[in-house]
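Okay, protein_0.cif is below, mmCIF, C-alpha atoms; chains and numbers go by the auth columns:
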data_final
#
loop_
_atom_site.group_PDB
_atom_site.id
_atom_site.type_symbol
_atom_site.label_atom_id
_atom_site.label_comp_id
_atom_site.label_asym_id
_atom_site.label_seq_id
_atom_site.Cartn_x
_atom_site.Cartn_y
_atom_site.Cartn_z
_atom_site.B_iso_or_equiv
_atom_site.auth_seq_id
_atom_site.auth_asym_id
ATOM 1 C CA THR A 1 228.653 -47.680 -86.532 0.00 1 W
ATOM 2 C CA LEU A 2 232.113 -46.137 -86.962 0.00 2 W
ATOM 3 C CA LEU A 3 230.839 -42.688 -85.968 0.00 3 W
ATOM 4 C CA ARG A 4 229.142 -44.076 -82.866 0.00 4 W
ATOM 5 C CA LEU A 5 232.355 -45.840 -81.910 0.00 5 W
ATOM 6 C CA LEU A 6 234.296 -42.594 -82.317 0.00 6 W
ATOM 7 C CA ALA A 7 231.687 -40.691 -80.304 0.00 7 W
ATOM 8 C CA GLY A 8 231.849 -43.250 -77.501 0.00 8 W
ATOM 9 C CA THR A 9 228.153 -44.117 -77.629 0.00 9 W
ATOM 10 C CA LEU A 10 228.953 -47.651 -78.797 0.00 10 W
ATOM 11 C CA GLN A 11 231.735 -49.986 -77.671 0.00 11 W
ATOM 12 C CA PRO A 12 233.590 -52.196 -80.166 0.00 12 W
ATOM 13 C CA SER A 13 232.890 -55.927 -79.986 0.00 13 W
ATOM 14 C CA SER A 14 236.587 -56.456 -80.761 0.00 14 W
ATOM 15 C CA GLY A 15 239.619 -54.266 -81.309 0.00 15 W
ATOM 16 C CA GLN A 16 240.118 -50.734 -80.043 0.00 16 W
ATOM 17 C CA CYS A 17 238.897 -47.266 -80.903 0.00 17 W
ATOM 18 C CA GLU A 18 240.936 -44.368 -79.531 0.00 18 W
ATOM 19 C CA VAL A 19 240.068 -40.688 -79.840 0.00 19 W
ATOM 20 C CA LYS A 20 242.297 -38.050 -78.276 0.00 20 W
ATOM 21 C CA GLY A 21 240.724 -34.879 -76.934 0.00 21 W
ATOM 22 C CA ARG A 22 237.232 -33.619 -76.197 0.00 22 W
ATOM 23 C CA THR A 23 234.663 -34.842 -78.724 0.00 23 W
ATOM 24 C CA ALA A 24 231.284 -33.527 -79.805 0.00 24 W
ATOM 25 C CA ALA A 25 228.985 -35.523 -82.056 0.00 25 W
ATOM 26 C CA LEU A 26 226.200 -34.393 -84.365 0.00 26 W
ATOM 27 C CA LEU A 27 224.729 -37.805 -85.083 0.00 27 W
ATOM 28 C CA GLU A 28 221.055 -37.074 -84.497 0.00 28 W
ATOM 29 C CA LEU A 29 220.312 -33.404 -83.917 0.00 29 W
ATOM 30 C CA GLY A 30 217.813 -32.783 -81.180 0.00 30 W
ATOM 31 C CA VAL A 31 218.291 -36.137 -79.447 0.00 31 W
ATOM 32 C CA GLY A 32 218.513 -35.661 -75.689 0.00 32 W
ATOM 33 C CA LEU A 33 216.491 -32.450 -75.613 0.00 33 W
ATOM 34 C CA GLN A 34 213.691 -32.429 -73.043 0.00 34 W
ATOM 35 C CA PRO A 35 210.448 -31.500 -74.871 0.00 35 W
ATOM 36 C CA GLN A 36 208.671 -30.172 -71.779 0.00 36 W
ATOM 37 C CA LEU A 37 211.516 -27.755 -70.946 0.00 37 W
ATOM 38 C CA THR A 38 212.015 -24.408 -72.646 0.00 38 W
ATOM 39 C CA GLY A 39 214.730 -23.885 -75.213 0.00 39 W
ATOM 40 C CA LEU A 40 216.704 -21.841 -72.671 0.00 40 W
ATOM 41 C CA ASP A 41 216.437 -24.581 -70.048 0.00 41 W
ATOM 42 C CA ASN A 42 217.543 -27.201 -72.584 0.00 42 W
ATOM 43 C CA ILE A 43 220.507 -25.080 -73.633 0.00 43 W
ATOM 44 C CA ARG A 44 221.612 -24.527 -70.024 0.00 44 W
ATOM 45 C CA LEU A 45 221.174 -28.222 -69.251 0.00 45 W
ATOM 46 C CA GLY A 46 223.095 -29.261 -72.377 0.00 46 W
ATOM 47 C CA LEU A 47 225.987 -26.928 -71.544 0.00 47 W
ATOM 48 C CA ALA A 48 226.037 -28.116 -67.913 0.00 48 W
ATOM 49 C CA LEU A 49 226.187 -31.746 -69.071 0.00 49 W
ATOM 50 C CA ARG A 50 229.270 -30.831 -71.088 0.00 50 W
ATOM 51 C CA GLY A 51 230.942 -29.747 -67.860 0.00 51 W
ATOM 52 C CA LEU A 52 230.788 -25.966 -68.332 0.00 52 W
ATOM 53 C CA SER A 53 230.852 -23.640 -65.344 0.00 53 W
ATOM 54 C CA GLN A 54 227.904 -21.396 -64.515 0.00 54 W
ATOM 55 C CA ALA A 55 229.842 -18.416 -65.869 0.00 55 W
ATOM 56 C CA ASP A 56 230.445 -20.212 -69.180 0.00 56 W
ATOM 57 C CA ILE A 57 226.804 -21.312 -69.362 0.00 57 W
ATOM 58 C CA GLN A 58 225.743 -17.662 -69.005 0.00 58 W
ATOM 59 C CA LEU A 59 228.255 -16.672 -71.678 0.00 59 W
ATOM 60 C CA TYR A 60 227.315 -19.324 -74.249 0.00 60 W
ATOM 61 C CA THR A 61 223.510 -19.506 -73.810 0.00 61 W
ATOM 62 C CA PRO A 62 222.784 -16.251 -75.724 0.00 62 W
ATOM 63 C CA GLN A 63 225.205 -17.369 -78.470 0.00 63 W
ATOM 64 C CA VAL A 64 223.225 -20.603 -78.972 0.00 64 W
ATOM 65 C CA VAL A 65 219.928 -18.689 -79.069 0.00 65 W
ATOM 66 C CA GLU A 66 221.331 -16.216 -81.595 0.00 66 W
ATOM 67 C CA PHE A 67 222.932 -18.803 -83.888 0.00 67 W
ATOM 68 C CA ALA A 68 219.781 -20.978 -83.877 0.00 68 W
ATOM 69 C CA GLU A 69 217.679 -17.845 -84.494 0.00 69 W
ATOM 70 C CA LEU A 70 215.206 -18.821 -81.782 0.00 70 W
ATOM 71 C CA GLY A 71 214.252 -15.306 -80.685 0.00 71 W
ATOM 72 C CA ASP A 72 211.302 -15.366 -78.269 0.00 72 W
ATOM 73 C CA TRP A 73 210.815 -19.083 -78.979 0.00 73 W
ATOM 74 C CA ALA A 74 213.742 -19.736 -76.624 0.00 74 W
ATOM 75 C CA LYS A 75 211.312 -19.108 -73.739 0.00 75 W
ATOM 76 C CA ARG A 76 208.800 -21.689 -75.014 0.00 76 W
ATOM 77 C CA ALA A 77 208.720 -25.451 -74.488 0.00 77 W
ATOM 78 C CA VAL A 78 210.724 -27.394 -77.092 0.00 78 W
ATOM 79 C CA LYS A 79 207.659 -29.596 -77.739 0.00 79 W
ATOM 80 C CA THR A 80 206.137 -26.550 -79.516 0.00 80 W
ATOM 81 C CA TYR A 81 209.136 -26.228 -81.899 0.00 81 W
ATOM 82 C CA SER A 82 209.155 -27.325 -85.501 0.00 82 W
ATOM 83 C CA SER A 83 211.673 -30.059 -86.368 0.00 83 W
ATOM 84 C CA GLY A 84 213.799 -27.411 -88.109 0.00 84 W
ATOM 85 C CA MET A 85 213.939 -25.230 -84.989 0.00 85 W
ATOM 86 C CA THR A 86 214.866 -28.228 -82.857 0.00 86 W
ATOM 87 C CA MET A 87 217.654 -29.198 -85.239 0.00 87 W
ATOM 88 C CA ARG A 88 218.982 -25.639 -85.448 0.00 88 W
ATOM 89 C CA MET A 89 219.132 -25.501 -81.660 0.00 89 W
ATOM 90 C CA GLY A 90 220.801 -28.931 -81.495 0.00 90 W
ATOM 91 C CA PHE A 91 223.472 -27.869 -83.997 0.00 91 W
ATOM 92 C CA ALA A 92 224.113 -24.540 -82.240 0.00 92 W
ATOM 93 C CA LEU A 93 224.343 -26.245 -78.846 0.00 93 W
ATOM 94 C CA ALA A 94 226.767 -28.911 -80.088 0.00 94 W
ATOM 95 C CA THR A 95 229.091 -26.437 -81.812 0.00 95 W
ATOM 96 C CA VAL A 96 229.050 -23.350 -79.574 0.00 96 W
ATOM 97 C CA VAL A 97 232.143 -24.613 -77.722 0.00 97 W
ATOM 98 C CA ALA A 98 234.658 -25.965 -80.234 0.00 98 W
ATOM 99 C CA PRO A 99 235.705 -29.546 -79.429 0.00 99 W
ATOM 100 C CA ASP A 100 239.014 -31.189 -80.314 0.00 100 W
ATOM 101 C CA VAL A 101 237.147 -33.686 -82.508 0.00 101 W
ATOM 102 C CA LEU A 102 233.782 -32.932 -84.116 0.00 102 W
ATOM 103 C CA ILE A 103 231.844 -35.883 -85.551 0.00 103 W
ATOM 104 C CA VAL A 104 229.118 -34.945 -88.052 0.00 104 W
ATOM 105 C CA ASP A 105 226.707 -37.382 -89.723 0.00 105 W
ATOM 106 C CA GLU A 106 224.500 -35.881 -92.437 0.00 106 W
ATOM 107 C CA ALA A 107 223.530 -33.148 -89.953 0.00 107 W
ATOM 108 C CA LEU A 108 223.696 -30.479 -92.658 0.00 108 W
ATOM 109 C CA ALA A 109 220.958 -32.074 -94.709 0.00 109 W
ATOM 110 C CA VAL A 110 218.413 -30.319 -92.497 0.00 110 W
ATOM 111 C CA GLY A 111 217.223 -26.754 -92.526 0.00 111 W
ATOM 112 C CA ASP A 112 216.975 -24.297 -95.361 0.00 112 W
ATOM 113 C CA GLN A 113 219.839 -23.381 -97.669 0.00 113 W
ATOM 114 C CA TYR A 114 220.703 -20.299 -95.604 0.00 114 W
ATOM 115 C CA PHE A 115 221.104 -22.300 -92.385 0.00 115 W
ATOM 116 C CA GLN A 116 223.068 -25.041 -94.162 0.00 116 W
ATOM 117 C CA LYS A 117 225.523 -22.423 -95.440 0.00 117 W
ATOM 118 C CA LYS A 118 225.763 -20.855 -91.990 0.00 118 W
ATOM 119 C CA SER A 119 226.395 -24.277 -90.435 0.00 119 W
ATOM 120 C CA LEU A 120 229.103 -25.137 -92.966 0.00 120 W
ATOM 121 C CA GLU A 121 230.855 -21.868 -92.167 0.00 121 W
ATOM 122 C CA ARG A 122 230.757 -22.656 -88.452 0.00 122 W
ATOM 123 C CA LEU A 123 232.307 -26.073 -89.164 0.00 123 W
ATOM 124 C CA ARG A 124 235.040 -24.417 -91.260 0.00 124 W
ATOM 125 C CA THR A 125 235.764 -22.023 -88.378 0.00 125 W
ATOM 126 C CA ILE A 126 236.032 -24.902 -85.901 0.00 126 W
ATOM 127 C CA VAL A 127 238.500 -26.666 -88.228 0.00 127 W
ATOM 128 C CA ARG A 128 240.523 -23.458 -88.743 0.00 128 W
ATOM 129 C CA GLU A 129 240.799 -23.183 -84.963 0.00 129 W
ATOM 130 C CA GLY A 130 242.515 -26.591 -84.868 0.00 130 W
ATOM 131 C CA ALA A 131 239.754 -29.175 -84.424 0.00 131 W
ATOM 132 C CA THR A 132 239.567 -32.422 -86.359 0.00 132 W
ATOM 133 C CA LEU A 133 236.338 -32.879 -88.320 0.00 133 W
ATOM 134 C CA VAL A 134 235.007 -36.357 -89.048 0.00 134 W
ATOM 135 C CA PHE A 135 232.295 -35.717 -91.627 0.00 135 W
ATOM 136 C CA CYS A 136 230.049 -38.434 -93.064 0.00 136 W
ATOM 137 C CA SER A 137 227.826 -37.517 -95.991 0.00 137 W
ATOM 138 C CA HIS A 138 226.460 -38.708 -99.310 0.00 138 W
ATOM 139 C CA ASN A 139 226.711 -35.097 -100.492 0.00 139 W
ATOM 140 C CA LEU A 140 230.008 -35.439 -102.350 0.00 140 W
ATOM 141 C CA TYR A 141 230.224 -31.693 -102.981 0.00 141 W
ATOM 142 C CA GLN A 142 230.284 -31.085 -99.207 0.00 142 W
ATOM 143 C CA VAL A 143 232.802 -33.899 -98.708 0.00 143 W
ATOM 144 C CA ARG A 144 235.119 -32.251 -101.265 0.00 144 W
ATOM 145 C CA GLU A 145 234.611 -28.817 -99.697 0.00 145 W
ATOM 146 C CA MET A 146 235.056 -29.832 -96.070 0.00 146 W
ATOM 147 C CA CYS A 147 237.610 -32.632 -96.109 0.00 147 W
ATOM 148 C CA GLU A 148 241.294 -33.117 -96.876 0.00 148 W
ATOM 149 C CA SER A 149 241.164 -36.912 -96.880 0.00 149 W
ATOM 150 C CA ALA A 150 238.401 -39.470 -97.263 0.00 150 W
ATOM 151 C CA LEU A 151 237.602 -43.005 -96.181 0.00 151 W
ATOM 152 C CA TRP A 152 235.283 -45.157 -98.292 0.00 152 W
ATOM 153 C CA LEU A 153 233.815 -47.991 -96.268 0.00 153 W
ATOM 154 C CA GLU A 154 231.951 -50.906 -97.791 0.00 154 W
ATOM 155 C CA HIS A 155 230.304 -53.450 -95.486 0.00 155 W
ATOM 156 C CA GLY A 156 232.584 -52.391 -92.640 0.00 156 W
ATOM 157 C CA LYS A 157 235.783 -52.810 -94.657 0.00 157 W
ATOM 158 C CA ILE A 158 238.059 -50.081 -96.003 0.00 158 W
ATOM 159 C CA ARG A 159 237.580 -49.860 -99.752 0.00 159 W
ATOM 160 C CA LEU A 160 239.796 -46.792 -100.211 0.00 160 W
ATOM 161 C CA LEU A 161 241.573 -44.264 -97.982 0.00 161 W
ATOM 162 C CA GLY A 162 243.491 -41.213 -99.131 0.00 162 W
ATOM 163 C CA ALA A 163 243.242 -37.710 -100.554 0.00 163 W
ATOM 164 C CA VAL A 164 239.613 -36.674 -100.910 0.00 164 W
ATOM 165 C CA GLN A 165 239.387 -36.170 -104.697 0.00 165 W
ATOM 166 C CA PRO A 166 240.690 -39.613 -105.797 0.00 166 W
ATOM 167 C CA VAL A 167 238.482 -41.362 -103.217 0.00 167 W
ATOM 168 C CA VAL A 168 235.385 -39.413 -104.306 0.00 168 W
ATOM 169 C CA ASP A 169 236.172 -40.115 -107.994 0.00 169 W
ATOM 170 C CA ALA A 170 236.571 -43.841 -107.333 0.00 170 W
ATOM 171 C CA TYR A 171 233.352 -43.910 -105.321 0.00 171 W
ATOM 172 C CA GLN A 172 231.445 -42.156 -108.130 0.00 172 W
ATOM 173 C CA ASP A 173 232.928 -44.563 -110.716 0.00 173 W
ATOM 174 C CA ALA A 174 231.765 -47.530 -108.622 0.00 174 W
ATOM 175 C CA CYS A 175 228.276 -46.027 -108.301 0.00 175 W
ATOM 176 C CA ARG A 176 228.069 -45.497 -112.080 0.00 176 W
ATOM 177 C CA ALA A 177 229.261 -49.066 -112.702 0.00 177 W
ATOM 178 C CA ARG A 178 226.680 -50.359 -110.254 0.00 178 W
ATOM 179 C CA GLN A 179 223.913 -48.442 -112.038 0.00 179 W
ATOM 180 C CA SER A 180 225.007 -49.739 -115.443 0.00 180 W
ATOM 181 C CA VAL A 181 224.794 -53.366 -114.277 0.00 181 W
ATOM 182 C CA ASN A 182 221.615 -52.844 -112.292 0.00 182 W
ATOM 183 C CA THR A 183 219.789 -55.245 -114.611 0.00 183 W
ATOM 184 C CA HIS A 184 222.196 -57.985 -113.428 0.00 184 W
ATOM 185 C CA PRO A 185 221.875 -57.925 -109.612 0.00 185 W
ATOM 186 C CA SER A 186 224.392 -60.729 -109.104 0.00 186 W
ATOM 187 C CA THR A 187 227.199 -58.529 -110.471 0.00 187 W
ATOM 188 C CA ALA A 188 226.160 -55.257 -108.811 0.00 188 W
ATOM 189 C CA TYR A 189 228.386 -53.573 -106.244 0.00 189 W
ATOM 190 C CA PRO A 190 227.180 -53.602 -102.653 0.00 190 W
ATOM 191 C CA THR A 191 225.795 -50.405 -101.175 0.00 191 W
ATOM 192 C CA THR A 192 228.611 -47.976 -100.455 0.00 192 W
ATOM 193 C CA GLY A 193 229.213 -44.902 -98.350 0.00 193 W
ATOM 194 C CA ILE A 194 231.900 -42.288 -97.951 0.00 194 W
ATOM 195 C CA SER A 195 233.037 -40.491 -94.847 0.00 195 W
ATOM 196 C CA HIS A 196 235.826 -38.377 -93.423 0.00 196 W
#

Target format structure tokens, applied to this file:
Amino acid sequence: TLLRLLAGTLQPSSGQCEVKGRTAALLELGVGLQPQLTGLDNIRLGLALRGLSQADIQLYTPQVVEFAELGDWAKRAVKTYSSGMTMRMGFALATVVAPDVLIVDEALAVGDQYFQKKSLERLRTIVREGATLVFCSHNLYQVREMCESALWLEHGKIRLLGAVQPVVDAYQDACRARQSVNTHPSTAYPTTGISH
């Protein structure tokens, strides 16, 4: 819910959510692609919807195709793509032009290890260039690697906010405590998540 609020795809029922700058969200890779259109047509359409000029669309289209490793598949209808190809194209399209704020939700759990590593490096580059990364994941290794600070939410309330390592440690301690009392459901911790 928080990520959708930040991305602007959901409005708060109360309070305010303010994000400064151009945002890009990787909440569900491949959503919004038109299956009957070719990869190239989808890329051009996606870039146009982001407000890019025709010159920029021509510049960035080959970069998306190359990063997603589509090759000749770029000329085929997206409905013929595997889910991995669709997700690679979705990630490449969303990150080819660096936003001010990039919102990522478990998007790196897809694809093979090579593409995951390549995607993480692209995210690092975007951050080095000055963007803010909001990264939600249950992969605590990636949270430690990618983030400077962390927010642990539990049932919509802030459980802990601060430097990434202490928050991750506290989250892991709570998970271990929950597992140890699993035979006594009334004392178990609620389901938790961590994001940055």

Please provide as a list of chain:residue names all residues within 9 Å of Ile103 of chain W, with the sequence filter that same-chain residues fewer than 5 positions apart are discarded (counting only C-alpha atoms). W:Leu3, W:Leu6, W:Ala7, W:Thr23, W:Ala24, W:Ala25, W:Leu26, W:Leu27, W:Thr132, W:Leu133, W:Val134, W:Phe135, W:Cys136

Chain and number of each residue from the PyMOL selection byres ((chain W and resi 61-77) around 12), as an NGL selection string: :W and (33-48 or 52-60 or 78-82 or 84-97 or 111 or 114-116 or 118-119 or 121-122)

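Counting only C-alpha atoms, the residue from W:Gln172, W:Ile158, W:Gly32, W:Val19 that sits nearest to Leu49 of chain W is W:Gly32.
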
Straight-line distance linking atom CA of Ala174 of chain W with atom CA of Val104 of chain W, stated in Å to one decimal: 24.3 Å

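Checking W:Cys17, W:Leu2, W:Ala98, W:Val143 one by one against Gly156 of chain W, counting all atoms listed in the file, you find the shortest gap at W:Leu2.
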